[in-house]
Each structure stands twice: as structure tokens, then as C-alpha cells.
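Contents: one structure, followed by commentary.
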Amino acid sequence: MASPPAHRRASALQAAFLLALCSFCCGGGASLAEPPKVPAVIVFGDSTVDTGNNNAIGTMLKSNFPPYGRDMADRRATGRFCNGRLPPDFISEALGLPPLVPAYLDPAYGIQDFARGVCFASAGTGLDNATAGVLSVIPLWKEVEYFKEYQRRLRRHVGRATARRIVTDALYIVSIGTNDFLENYFLFVTGRFAQFTVAEFEDFLVAQAERFLAEIHRLGARRVTFAGLSPIGCLPLERTLNTLRGGCIEEYNQVAREYNVKVLDMLRRLRTSRPGLKVAYINVYQNMLDLINKPSTLGLENVEEGCCATGKLEMSYLCNDASPMTCDDAGKYFWDSFHPTEKVNQFFGKKTLDLCYKELL
């Protein structure tokens, strides 16, 4: 059995930054005077798309405090792992829907809000249930249970026929997978590294993804974006931990590429077996690699460090308002050691929304 690279790390989180999705300056956004092509945006996944569900659960993995959210319109930390908005927020606004997709567990929102968009994602989770256990966050199966509960509430709110139309015509955003490797397999905390080779673990995760997609299709989803992994070895935290060799951890990037190939094969099978399901694959890896190789494309100056604190290790509670080193202009960096800034989220959102109009909408 191949042993994983010996790079231990302090409890990492995610990053598949996803990218999946959208920007409010994307061409093709529906006019506010017209009914949007999409009645709601529905979100599953991890911290790349969690709009605040972790605020409501007993986990140490939170971001509902400054400087998170400092560039939101009201400068409020909402639980998004970012200085501002996430991709689902941008895509929602571009489609003529509200500019913020509400977290399902946020008591400030109700079913009248969720009828136009809802997020079930939880920072720190993964395709493997064991990943969610590392930091006591919401496992993916529970996200699906919340989706079922949401549908029951929606039927009571708008009636069975309208609820069915909302669920069927909604755009589904799925961004998940990074934590399964960086917080689980390569962190050596769950035992998966002893149970599976890296290739076997990739296969296991892809099978979990296929089951998840089949289940939400059974529950009514028809138009889905599914994000592949980014170059996970190039995240600021991974670069910091690779002090002996410097730069990105290429072994991790290779794993991401292998996993992405298997995801593509799985999506092809799924489309064939379920002709009513449209799934757009978000090529996060190549898009992010292009940005890393040419950061000036987006006006970035440093893609190796985050803005918050030293930018090398900090996220969640380590990224806080007490740090004197947090940068003034987040648009030139990553945000924390694991998550991109609002500027990067919007950049990748535009690419993703363009793909949605081509393949899904």
C-alpha cells in the first residue's frame, strides 16, 4: 500500500475554492424586470460555498467575526470564509435573485427567503462522512436531509406544484472534496490513509459523489454544477508547510488531477444513465492554475499568501481582528491561508456562469 506524503499539518480545512460559480457582472444575467430563468439557487458543499451554517453548530470552525466579512456591504461577518461574498451570492444576483444566498440554519431567514435560494453547505465537510467528524461539522448526508426538510417546508409555503417547479428549475451548486484530502487523508487523523491507497481513496470519494448526485436527482435536481478540485498543493497553507522544498506540494496537485479525471468519467456515466440530469463540470484546477501562473490577469500581486494576519497559516479563529499584519487591500492576495478573496470568487464566478448558460440554462 502506498503511503501518503509525510507532510503533517495543523488541522486544515478547505479550499476547493471553488470556483464554481459566478459573478454579478457576468453577461447574460436576467433583468430584474423579467422572471429569472432560475427560480432559486440551491447550494451543497464546504467552506467554499458555506454562507453561514457553521454559525449554528458546535464546531470550532467558524468565521462569524472580523475581519471576515469586512468588505460586505454592511461590513458584517456572516460566517462566510471570505472578506466578502462567495460565488453562490454572485450567481444569485446575476440571475435576478437576491445578492446573498441565505444559510439554511440562519434564524434570520425563513422559508419565504429560502424559496429563492438556500445554502446547506458546511465549512470543513467532505464527501467522506469521516471528514465531517474531524471538526464536528455537518456531513453531506445531513445536508441532503436538510434538503428534504426544505422541500416539505416549501410545499407548505407555496403549494405542491410551485414547490416542484422551484426544485426542478433551480440551479444547484456543489463544491466539495478538498477537505477529504487535506483535512482527512493527508492529515492522518481518521485512519483512511491506512485503509486506502491514494488511488483507492480517490475512487471511494468519486463513488460517494456519484451517490450524492443520484440522490439529489431523485429528489428533483435537474441542473447541477459540480466543481473539481483546485491545485490544492498551491494553497498558502500548503506552501508554508512545504518549507524544505518550497513552492507548491506537487504530490497533492497530482492527486487533484487524478481525482478530477475520475470525476469527469463519473459525470459522463451519470449523464448517460440519467438523461434528465444536466451536470456542468467546473474546471477549477485549470482556471486557478492560470491565475497562479499569471496573477496580473486579475490585478493580484501575491498568490502565495493570504491577506489575513501573516497569510501563511491563519484561518478561522487564527484570522482575527487582533492581528496587526492583516493587509489593507485584500484584492491583491488570497484572503486567509485556505480561502480566496471576494475578488477571486467573482472572477471564477463569471467563468462558471458563462458555462452554466452554455450547458445548463
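Residues are named by chain letter and number: chains run A, B, ... in the order of the C-alpha cells, numbers start at 1 in each chain, and ligands are numbered from 1 in the order shown.
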
Each residue of segment 180-297 of chain A lying at most 12 Å from segment 46-65 of chain A should get a row with its shortest atom-to-atom pair and the distance in Å to one decimal, counting only C-alpha atoms; could you produce that, ordered by chain and increasing number, as a Markdown table?
| residue | atom | partner | partner_atom | distance |
| --- | --- | --- | --- | --- |
| A:Asp180 | CA | A:Asp46 | CA | 10.5 |
| A:Ala227 | CA | A:Thr48 | CA | 10.4 |
| A:Leu229 | CA | A:Thr48 | CA | 11.3 |
| A:Ser230 | CA | A:Thr48 | CA | 11.4 |
| A:Val284 | CA | A:Thr48 | CA | 11.9 |

Neighbouring residues of segment 198-208 of chain A were defined as those with any atom within 9 Å, considering only C-alpha atoms; residues of the same chain fewer than 3 positions away were excluded. Please report them as a ChimeraX atom specification.
/A:1-4,126-128,177,180-181,185,192-193,195,211-213,255,258-259,262-263,266

Limited to N, CA, C and O atoms, could you put the picked residues into a file as a short mmCIF file (atom, residue, chain, number, x, y, z; two decimals), in the first residue's frame?
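Below is the file again21.cif, written as the result:
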data_model
loop_
_atom_site.label_atom_id
_atom_site.label_comp_id
_atom_site.auth_asym_id
_atom_site.auth_seq_id
_atom_site.Cartn_x
_atom_site.Cartn_y
_atom_site.Cartn_z
N MET A 1 0.86 -1.19 0.00
CA MET A 1 0.00 0.00 0.00
C MET A 1 0.89 1.24 0.00
O MET A 1 1.79 1.38 0.81
N ALA A 2 0.64 2.16 -0.94
CA ALA A 2 1.45 3.36 -1.00
C ALA A 2 1.15 4.24 0.19
O ALA A 2 0.01 4.43 0.57
N SER A 3 2.20 4.76 0.82
CA SER A 3 1.98 5.62 1.98
C SER A 3 1.86 7.06 1.51
O SER A 3 2.52 7.48 0.57
N PRO A 4 1.03 7.86 2.16
CA PRO A 4 0.84 9.25 1.76
C PRO A 4 2.06 10.07 2.07
O PRO A 4 2.87 9.72 2.92
N GLY A 126 -16.96 17.06 3.84
CA GLY A 126 -16.41 16.40 2.67
C GLY A 126 -17.35 15.34 2.14
O GLY A 126 -18.45 15.13 2.66
N LEU A 127 -16.91 14.67 1.11
CA LEU A 127 -17.68 13.56 0.54
C LEU A 127 -17.66 12.35 1.48
O LEU A 127 -18.62 11.59 1.55
N ASP A 128 -16.57 12.20 2.19
CA ASP A 128 -16.41 11.13 3.18
C ASP A 128 -17.01 11.61 4.50
O ASP A 128 -16.64 12.67 5.02
N GLY A 177 -14.76 18.45 -1.57
CA GLY A 177 -13.71 17.48 -1.88
C GLY A 177 -12.33 17.79 -1.35
O GLY A 177 -11.56 16.88 -1.02
N ASP A 180 -11.46 16.38 2.12
CA ASP A 180 -11.29 14.93 2.19
C ASP A 180 -9.82 14.55 2.10
O ASP A 180 -9.40 13.54 2.70
N PHE A 181 -9.05 15.34 1.39
CA PHE A 181 -7.62 15.07 1.28
C PHE A 181 -6.81 15.82 2.34
O PHE A 181 -6.01 15.22 3.06
N TYR A 185 -7.37 12.58 4.74
CA TYR A 185 -6.40 11.57 4.30
C TYR A 185 -4.95 11.95 4.61
O TYR A 185 -4.21 11.17 5.24
N ARG A 192 -8.11 6.71 7.31
CA ARG A 192 -8.32 6.41 5.89
C ARG A 192 -7.00 6.14 5.17
O ARG A 192 -6.95 5.35 4.23
N PHE A 193 -5.92 6.80 5.60
CA PHE A 193 -4.62 6.59 4.96
C PHE A 193 -4.14 5.14 5.10
O PHE A 193 -3.38 4.64 4.28
N GLN A 195 -6.39 2.60 5.47
CA GLN A 195 -7.43 1.77 4.85
C GLN A 195 -7.34 1.76 3.33
O GLN A 195 -7.64 0.74 2.70
N ARG A 211 -23.15 8.83 -5.76
CA ARG A 211 -24.34 8.52 -4.98
C ARG A 211 -25.08 9.80 -4.56
O ARG A 211 -26.31 9.86 -4.59
N PHE A 212 -24.31 10.81 -4.17
CA PHE A 212 -24.93 12.08 -3.79
C PHE A 212 -25.69 12.70 -4.96
O PHE A 212 -26.85 13.14 -4.81
N LEU A 213 -25.06 12.77 -6.12
CA LEU A 213 -25.71 13.37 -7.29
C LEU A 213 -26.95 12.58 -7.71
O LEU A 213 -27.97 13.17 -8.09
N VAL A 255 -2.60 14.42 -7.15
CA VAL A 255 -3.80 13.77 -6.64
C VAL A 255 -5.04 14.50 -7.13
O VAL A 255 -6.03 13.88 -7.54
N GLU A 258 -5.66 13.61 -10.78
CA GLU A 258 -6.17 12.24 -10.92
C GLU A 258 -7.64 12.16 -10.50
O GLU A 258 -8.46 11.52 -11.18
N TYR A 259 -7.96 12.78 -9.38
CA TYR A 259 -9.33 12.79 -8.89
C TYR A 259 -10.26 13.46 -9.92
O TYR A 259 -11.35 12.96 -10.22
N LYS A 262 -11.21 11.25 -12.78
CA LYS A 262 -12.20 10.25 -12.37
C LYS A 262 -13.58 10.87 -12.20
O LYS A 262 -14.60 10.23 -12.51
N VAL A 263 -13.64 12.11 -11.71
CA VAL A 263 -14.93 12.81 -11.60
C VAL A 263 -15.54 13.01 -12.98
O VAL A 263 -16.74 12.79 -13.18
N MET A 266 -17.04 9.84 -14.15
CA MET A 266 -18.26 9.56 -13.41
C MET A 266 -19.42 10.41 -13.93
O MET A 266 -20.55 9.92 -14.09
#

So that I can see what lies close to Glu149 of chain A, please list as a PDB file with all heavy atoms, in the first residue's frame the residues with an atom at most 12 Å from it, counting only C-alpha atoms and leaving out residues fewer than 2 positions away in the same chain.
ATOM      1  N   TYR A 104     -29.242  27.853   5.500  1.00  0.00           N
ATOM      2  CA  TYR A 104     -30.483  27.213   5.950  1.00  0.00           C
ATOM      3  C   TYR A 104     -30.654  27.280   7.463  1.00  0.00           C
ATOM      4  O   TYR A 104     -31.768  27.360   7.964  1.00  0.00           O
ATOM      5  CB  TYR A 104     -30.495  25.762   5.478  1.00  0.00           C
ATOM      6  CG  TYR A 104     -31.801  25.043   5.748  1.00  0.00           C
ATOM      7  CD1 TYR A 104     -32.985  25.451   5.141  1.00  0.00           C
ATOM      8  CD2 TYR A 104     -31.847  23.943   6.604  1.00  0.00           C
ATOM      9  CE1 TYR A 104     -34.186  24.799   5.376  1.00  0.00           C
ATOM     10  CE2 TYR A 104     -33.045  23.274   6.846  1.00  0.00           C
ATOM     11  CZ  TYR A 104     -34.203  23.714   6.227  1.00  0.00           C
ATOM     12  OH  TYR A 104     -35.395  23.067   6.468  1.00  0.00           O
ATOM     13  N   LEU A 105     -29.555  27.251   8.201  1.00  0.00           N
ATOM     14  CA  LEU A 105     -29.636  27.250   9.662  1.00  0.00           C
ATOM     15  C   LEU A 105     -29.604  28.648  10.271  1.00  0.00           C
ATOM     16  O   LEU A 105     -29.600  28.787  11.497  1.00  0.00           O
ATOM     17  CB  LEU A 105     -28.496  26.403  10.244  1.00  0.00           C
ATOM     18  CG  LEU A 105     -28.486  24.932   9.843  1.00  0.00           C
ATOM     19  CD1 LEU A 105     -27.356  24.194  10.566  1.00  0.00           C
ATOM     20  CD2 LEU A 105     -29.823  24.258  10.128  1.00  0.00           C
ATOM     21  N   ILE A 111     -38.681  30.424   5.285  1.00  0.00           N
ATOM     22  CA  ILE A 111     -38.954  29.706   4.048  1.00  0.00           C
ATOM     23  C   ILE A 111     -39.266  30.661   2.901  1.00  0.00           C
ATOM     24  O   ILE A 111     -39.004  30.355   1.736  1.00  0.00           O
ATOM     25  CB  ILE A 111     -40.096  28.679   4.250  1.00  0.00           C
ATOM     26  CG1 ILE A 111     -40.202  27.748   3.030  1.00  0.00           C
ATOM     27  CG2 ILE A 111     -41.409  29.376   4.544  1.00  0.00           C
ATOM     28  CD1 ILE A 111     -38.943  26.942   2.739  1.00  0.00           C
ATOM     29  N   PHE A 114     -35.897  31.231   1.595  1.00  0.00           N
ATOM     30  CA  PHE A 114     -35.314  30.011   1.029  1.00  0.00           C
ATOM     31  C   PHE A 114     -35.989  29.602  -0.280  1.00  0.00           C
ATOM     32  O   PHE A 114     -35.410  28.847  -1.059  1.00  0.00           O
ATOM     33  CB  PHE A 114     -35.414  28.865   2.030  1.00  0.00           C
ATOM     34  CG  PHE A 114     -34.724  29.121   3.341  1.00  0.00           C
ATOM     35  CD1 PHE A 114     -35.250  28.639   4.530  1.00  0.00           C
ATOM     36  CD2 PHE A 114     -33.542  29.842   3.394  1.00  0.00           C
ATOM     37  CE1 PHE A 114     -34.625  28.861   5.741  1.00  0.00           C
ATOM     38  CE2 PHE A 114     -32.897  30.081   4.600  1.00  0.00           C
ATOM     39  CZ  PHE A 114     -33.442  29.585   5.780  1.00  0.00           C
ATOM     40  N   PHE A 120     -27.064  24.778   2.057  1.00  0.00           N
ATOM     41  CA  PHE A 120     -26.957  23.709   3.055  1.00  0.00           C
ATOM     42  C   PHE A 120     -25.499  23.396   3.396  1.00  0.00           C
ATOM     43  O   PHE A 120     -25.223  22.534   4.227  1.00  0.00           O
ATOM     44  CB  PHE A 120     -27.627  22.432   2.535  1.00  0.00           C
ATOM     45  CG  PHE A 120     -29.065  22.614   2.164  1.00  0.00           C
ATOM     46  CD1 PHE A 120     -29.467  22.612   0.831  1.00  0.00           C
ATOM     47  CD2 PHE A 120     -30.039  22.800   3.132  1.00  0.00           C
ATOM     48  CE1 PHE A 120     -30.798  22.787   0.478  1.00  0.00           C
ATOM     49  CE2 PHE A 120     -31.373  22.972   2.802  1.00  0.00           C
ATOM     50  CZ  PHE A 120     -31.759  22.968   1.468  1.00  0.00           C
ATOM     51  N   LYS A 142     -26.290  14.764   5.940  1.00  0.00           N
ATOM     52  CA  LYS A 142     -27.178  15.646   6.692  1.00  0.00           C
ATOM     53  C   LYS A 142     -27.605  16.841   5.841  1.00  0.00           C
ATOM     54  O   LYS A 142     -28.741  17.331   5.965  1.00  0.00           O
ATOM     55  CB  LYS A 142     -26.489  16.112   7.976  1.00  0.00           C
ATOM     56  CG  LYS A 142     -27.381  16.942   8.897  1.00  0.00           C
ATOM     57  CD  LYS A 142     -28.562  16.144   9.417  1.00  0.00           C
ATOM     58  CE  LYS A 142     -29.369  16.934  10.437  1.00  0.00           C
ATOM     59  NZ  LYS A 142     -30.540  16.176  10.925  1.00  0.00           N
ATOM     60  N   GLU A 143     -26.713  17.312   4.986  1.00  0.00           N
ATOM     61  CA  GLU A 143     -27.105  18.369   4.056  1.00  0.00           C
ATOM     62  C   GLU A 143     -28.281  17.903   3.195  1.00  0.00           C
ATOM     63  O   GLU A 143     -29.216  18.670   2.925  1.00  0.00           O
ATOM     64  CB  GLU A 143     -25.922  18.777   3.171  1.00  0.00           C
ATOM     65  CG  GLU A 143     -24.785  19.464   3.917  1.00  0.00           C
ATOM     66  CD  GLU A 143     -23.698  20.003   3.003  1.00  0.00           C
ATOM     67  OE1 GLU A 143     -24.016  20.298   1.830  1.00  0.00           O
ATOM     68  OE2 GLU A 143     -22.541  20.132   3.453  1.00  0.00           O
ATOM     69  N   VAL A 144     -28.235  16.644   2.771  1.00  0.00           N
ATOM     70  CA  VAL A 144     -29.335  16.089   1.972  1.00  0.00           C
ATOM     71  C   VAL A 144     -30.611  15.983   2.809  1.00  0.00           C
ATOM     72  O   VAL A 144     -31.717  16.247   2.321  1.00  0.00           O
ATOM     73  CB  VAL A 144     -28.943  14.719   1.389  1.00  0.00           C
ATOM     74  CG1 VAL A 144     -30.129  14.078   0.665  1.00  0.00           C
ATOM     75  CG2 VAL A 144     -27.762  14.870   0.427  1.00  0.00           C
ATOM     76  N   GLU A 145     -30.480  15.617   4.078  1.00  0.00           N
ATOM     77  CA  GLU A 145     -31.657  15.562   4.947  1.00  0.00           C
ATOM     78  C   GLU A 145     -32.272  16.949   5.117  1.00  0.00           C
ATOM     79  O   GLU A 145     -33.501  17.086   5.137  1.00  0.00           O
ATOM     80  CB  GLU A 145     -31.273  14.990   6.322  1.00  0.00           C
ATOM     81  CG  GLU A 145     -30.953  13.505   6.292  1.00  0.00           C
ATOM     82  CD  GLU A 145     -32.113  12.671   5.772  1.00  0.00           C
ATOM     83  OE1 GLU A 145     -33.238  12.809   6.319  1.00  0.00           O
ATOM     84  OE2 GLU A 145     -31.906  11.905   4.815  1.00  0.00           O
ATOM     85  N   TYR A 146     -31.444  17.972   5.230  1.00  0.00           N
ATOM     86  CA  TYR A 146     -31.971  19.334   5.299  1.00  0.00           C
ATOM     87  C   TYR A 146     -32.694  19.697   3.997  1.00  0.00           C
ATOM     88  O   TYR A 146     -33.707  20.419   4.015  1.00  0.00           O
ATOM     89  CB  TYR A 146     -30.839  20.331   5.562  1.00  0.00           C
ATOM     90  CG  TYR A 146     -30.339  20.361   6.987  1.00  0.00           C
ATOM     91  CD1 TYR A 146     -28.972  20.451   7.268  1.00  0.00           C
ATOM     92  CD2 TYR A 146     -31.228  20.341   8.066  1.00  0.00           C
ATOM     93  CE1 TYR A 146     -28.505  20.497   8.573  1.00  0.00           C
ATOM     94  CE2 TYR A 146     -30.766  20.384   9.377  1.00  0.00           C
ATOM     95  CZ  TYR A 146     -29.407  20.458   9.619  1.00  0.00           C
ATOM     96  OH  TYR A 146     -28.955  20.511  10.915  1.00  0.00           O
ATOM     97  N   PHE A 147     -32.169  19.230   2.881  1.00  0.00           N
ATOM     98  CA  PHE A 147     -32.811  19.468   1.583  1.00  0.00           C
ATOM     99  C   PHE A 147     -34.208  18.844   1.545  1.00  0.00           C
ATOM    100  O   PHE A 147     -35.162  19.459   1.046  1.00  0.00           O
ATOM    101  CB  PHE A 147     -31.924  18.893   0.481  1.00  0.00           C
ATOM    102  CG  PHE A 147     -32.446  19.069  -0.931  1.00  0.00           C
ATOM    103  CD1 PHE A 147     -32.990  20.276  -1.355  1.00  0.00           C
ATOM    104  CD2 PHE A 147     -32.364  18.021  -1.841  1.00  0.00           C
ATOM    105  CE1 PHE A 147     -33.443  20.436  -2.667  1.00  0.00           C
ATOM    106  CE2 PHE A 147     -32.818  18.171  -3.137  1.00  0.00           C
ATOM    107  CZ  PHE A 147     -33.352  19.380  -3.547  1.00  0.00           C
ATOM    108  N   GLN A 151     -37.813  20.888   1.292  1.00  0.00           N
ATOM    109  CA  GLN A 151     -38.884  20.641   0.320  1.00  0.00           C
ATOM    110  C   GLN A 151     -40.237  20.511   1.009  1.00  0.00           C
ATOM    111  O   GLN A 151     -41.257  20.994   0.494  1.00  0.00           O
ATOM    112  CB  GLN A 151     -38.579  19.391  -0.497  1.00  0.00           C
ATOM    113  CG  GLN A 151     -37.394  19.559  -1.437  1.00  0.00           C
ATOM    114  CD  GLN A 151     -37.324  18.465  -2.483  1.00  0.00           C
ATOM    115  OE1 GLN A 151     -38.337  18.035  -3.016  1.00  0.00           O
ATOM    116  NE2 GLN A 151     -36.122  18.001  -2.780  1.00  0.00           N
ATOM    117  N   ARG A 152     -40.280  19.873   2.160  1.00  0.00           N
ATOM    118  CA  ARG A 152     -41.545  19.769   2.893  1.00  0.00           C
ATOM    119  C   ARG A 152     -42.042  21.156   3.304  1.00  0.00           C
ATOM    120  O   ARG A 152     -43.239  21.469   3.179  1.00  0.00           O
ATOM    121  CB  ARG A 152     -41.377  18.871   4.126  1.00  0.00           C
ATOM    122  CG  ARG A 152     -41.109  17.411   3.780  1.00  0.00           C
ATOM    123  CD  ARG A 152     -41.226  16.511   4.998  1.00  0.00           C
ATOM    124  NE  ARG A 152     -40.183  16.761   5.993  1.00  0.00           N
ATOM    125  CZ  ARG A 152     -39.008  16.144   6.017  1.00  0.00           C
ATOM    126  NH1 ARG A 152     -38.707  15.244   5.080  1.00  0.00           N
ATOM    127  NH2 ARG A 152     -38.126  16.409   6.982  1.00  0.00           N
ATOM    128  N   ARG A 153     -41.131  21.983   3.798  1.00  0.00           N
ATOM    129  CA  ARG A 153     -41.497  23.345   4.191  1.00  0.00           C
ATOM    130  C   ARG A 153     -41.932  24.163   2.975  1.00  0.00           C
ATOM    131  O   ARG A 153     -42.864  24.979   3.058  1.00  0.00           O
ATOM    132  CB  ARG A 153     -40.310  24.034   4.876  1.00  0.00           C
ATOM    133  CG  ARG A 153     -39.905  23.414   6.201  1.00  0.00           C
ATOM    134  CD  ARG A 153     -38.647  24.071   6.756  1.00  0.00           C
ATOM    135  NE  ARG A 153     -38.863  25.492   7.055  1.00  0.00           N
ATOM    136  CZ  ARG A 153     -37.886  26.312   7.423  1.00  0.00           C
ATOM    137  NH1 ARG A 153     -36.625  25.861   7.529  1.00  0.00           N
ATOM    138  NH2 ARG A 153     -38.141  27.588   7.676  1.00  0.00           N
ATOM    139  N   LEU A 154     -41.251  23.947   1.866  1.00  0.00           N
ATOM    140  CA  LEU A 154     -41.570  24.685   0.647  1.00  0.00           C
ATOM    141  C   LEU A 154     -42.968  24.325   0.142  1.00  0.00           C
ATOM    142  O   LEU A 154     -43.735  25.205  -0.291  1.00  0.00           O
ATOM    143  CB  LEU A 154     -40.509  24.385  -0.421  1.00  0.00           C
ATOM    144  CG  LEU A 154     -40.511  25.256  -1.678  1.00  0.00           C
ATOM    145  CD1 LEU A 154     -40.234  26.714  -1.320  1.00  0.00           C
ATOM    146  CD2 LEU A 154     -39.452  24.746  -2.669  1.00  0.00           C
ATOM    147  N   ARG A 155     -43.322  23.049   0.209  1.00  0.00           N
ATOM    148  CA  ARG A 155     -44.660  22.641  -0.233  1.00  0.00           C
ATOM    149  C   ARG A 155     -45.744  23.289   0.624  1.00  0.00           C
ATOM    150  O   ARG A 155     -46.791  23.705   0.119  1.00  0.00           O
ATOM    151  CB  ARG A 155     -44.788  21.109  -0.202  1.00  0.00           C
ATOM    152  CG  ARG A 155     -44.016  20.407  -1.309  1.00  0.00           C
ATOM    153  CD  ARG A 155     -44.399  18.947  -1.421  1.00  0.00           C
ATOM    154  NE  ARG A 155     -43.945  18.147  -0.287  1.00  0.00           N
ATOM    155  CZ  ARG A 155     -42.782  17.516  -0.245  1.00  0.00           C
ATOM    156  NH1 ARG A 155     -41.931  17.605  -1.254  1.00  0.00           N
ATOM    157  NH2 ARG A 155     -42.448  16.793   0.807  1.00  0.00           N
ATOM    158  N   ARG A 156     -45.496  23.384   1.908  1.00  0.00           N
ATOM    159  CA  ARG A 156     -46.469  24.033   2.780  1.00  0.00           C
ATOM    160  C   ARG A 156     -46.570  25.528   2.477  1.00  0.00           C
ATOM    161  O   ARG A 156     -47.636  26.140   2.613  1.00  0.00           O
ATOM    162  CB  ARG A 156     -46.095  23.825   4.251  1.00  0.00           C
ATOM    163  CG  ARG A 156     -46.262  22.396   4.737  1.00  0.00           C
ATOM    164  CD  ARG A 156     -46.208  22.315   6.262  1.00  0.00           C
ATOM    165  NE  ARG A 156     -44.921  22.725   6.809  1.00  0.00           N
ATOM    166  CZ  ARG A 156     -43.909  21.892   7.043  1.00  0.00           C
ATOM    167  NH1 ARG A 156     -44.038  20.587   6.761  1.00  0.00           N
ATOM    168  NH2 ARG A 156     -42.779  22.325   7.564  1.00  0.00           N
ATOM    169  N   LEU A 219     -34.439  13.445  -5.883  1.00  0.00           N
ATOM    170  CA  LEU A 219     -35.228  14.395  -5.114  1.00  0.00           C
ATOM    171  C   LEU A 219     -35.667  15.611  -5.929  1.00  0.00           C
ATOM    172  O   LEU A 219     -36.344  16.493  -5.399  1.00  0.00           O
ATOM    173  CB  LEU A 219     -34.436  14.860  -3.892  1.00  0.00           C
ATOM    174  CG  LEU A 219     -34.164  13.778  -2.835  1.00  0.00           C
ATOM    175  CD1 LEU A 219     -33.166  14.276  -1.799  1.00  0.00           C
ATOM    176  CD2 LEU A 219     -35.466  13.340  -2.170  1.00  0.00           C
TER     177      LEU A 219
END

Residues within 7 Å of segment 334-341 of chain A, only C-alpha atoms, excluding chain neighbours under 3 positions, as a PyMOL selection string
chain A and resi 13-15+17+81-83+235-237+303+305-308+311-315+330-331+344-345

Would you mind writing down, as a PyMOL selection string, each residue of segment 55-228 of chain A that DSSP on the backbone assigns to strand (DSSP E)?
chain A and resi 117-119+171-175+223-227

Nearby residues (only C-alpha atoms) at most 6 Å from Gly69 of chain A, same-chain spacing under 6 positions excluded, as a VMD selection string:
chain A and resid 75 to 77 83 to 84

Write the residues of the preceding selection, restricted to N, CA and C atoms, as a PDB file, in the first residue's frame.
ATOM      1  N   ARG A  75     -20.417  45.467   6.132  1.00  0.00           N
ATOM      2  CA  ARG A  75     -19.193  45.159   6.871  1.00  0.00           C
ATOM      3  C   ARG A  75     -19.439  44.156   7.997  1.00  0.00           C
ATOM      4  N   ARG A  76     -20.363  43.235   7.762  1.00  0.00           N
ATOM      5  CA  ARG A  76     -20.756  42.273   8.796  1.00  0.00           C
ATOM      6  C   ARG A  76     -20.193  40.889   8.493  1.00  0.00           C
ATOM      7  N   ALA A  77     -19.610  40.262   9.499  1.00  0.00           N
ATOM      8  CA  ALA A  77     -19.132  38.878   9.355  1.00  0.00           C
ATOM      9  C   ALA A  77     -20.330  37.941   9.447  1.00  0.00           C
ATOM     10  N   ASN A  83     -13.541  37.753   2.794  1.00  0.00           N
ATOM     11  CA  ASN A  83     -13.697  39.154   3.162  1.00  0.00           C
ATOM     12  C   ASN A  83     -15.028  39.712   2.675  1.00  0.00           C
ATOM     13  N   GLY A  84     -15.704  38.982   1.797  1.00  0.00           N
ATOM     14  CA  GLY A  84     -16.968  39.446   1.256  1.00  0.00           C
ATOM     15  C   GLY A  84     -17.858  38.287   0.853  1.00  0.00           C
TER      16      GLY A  84
END

Members of segment 95-288 of chain A assigned alpha helix (DSSP H) by DSSP, as number ranges by chain:
A: 111-114, 129-134, 140-158, 160-169, 178-179, 192-195, 198-218, 236-241, 250-273, 284-288
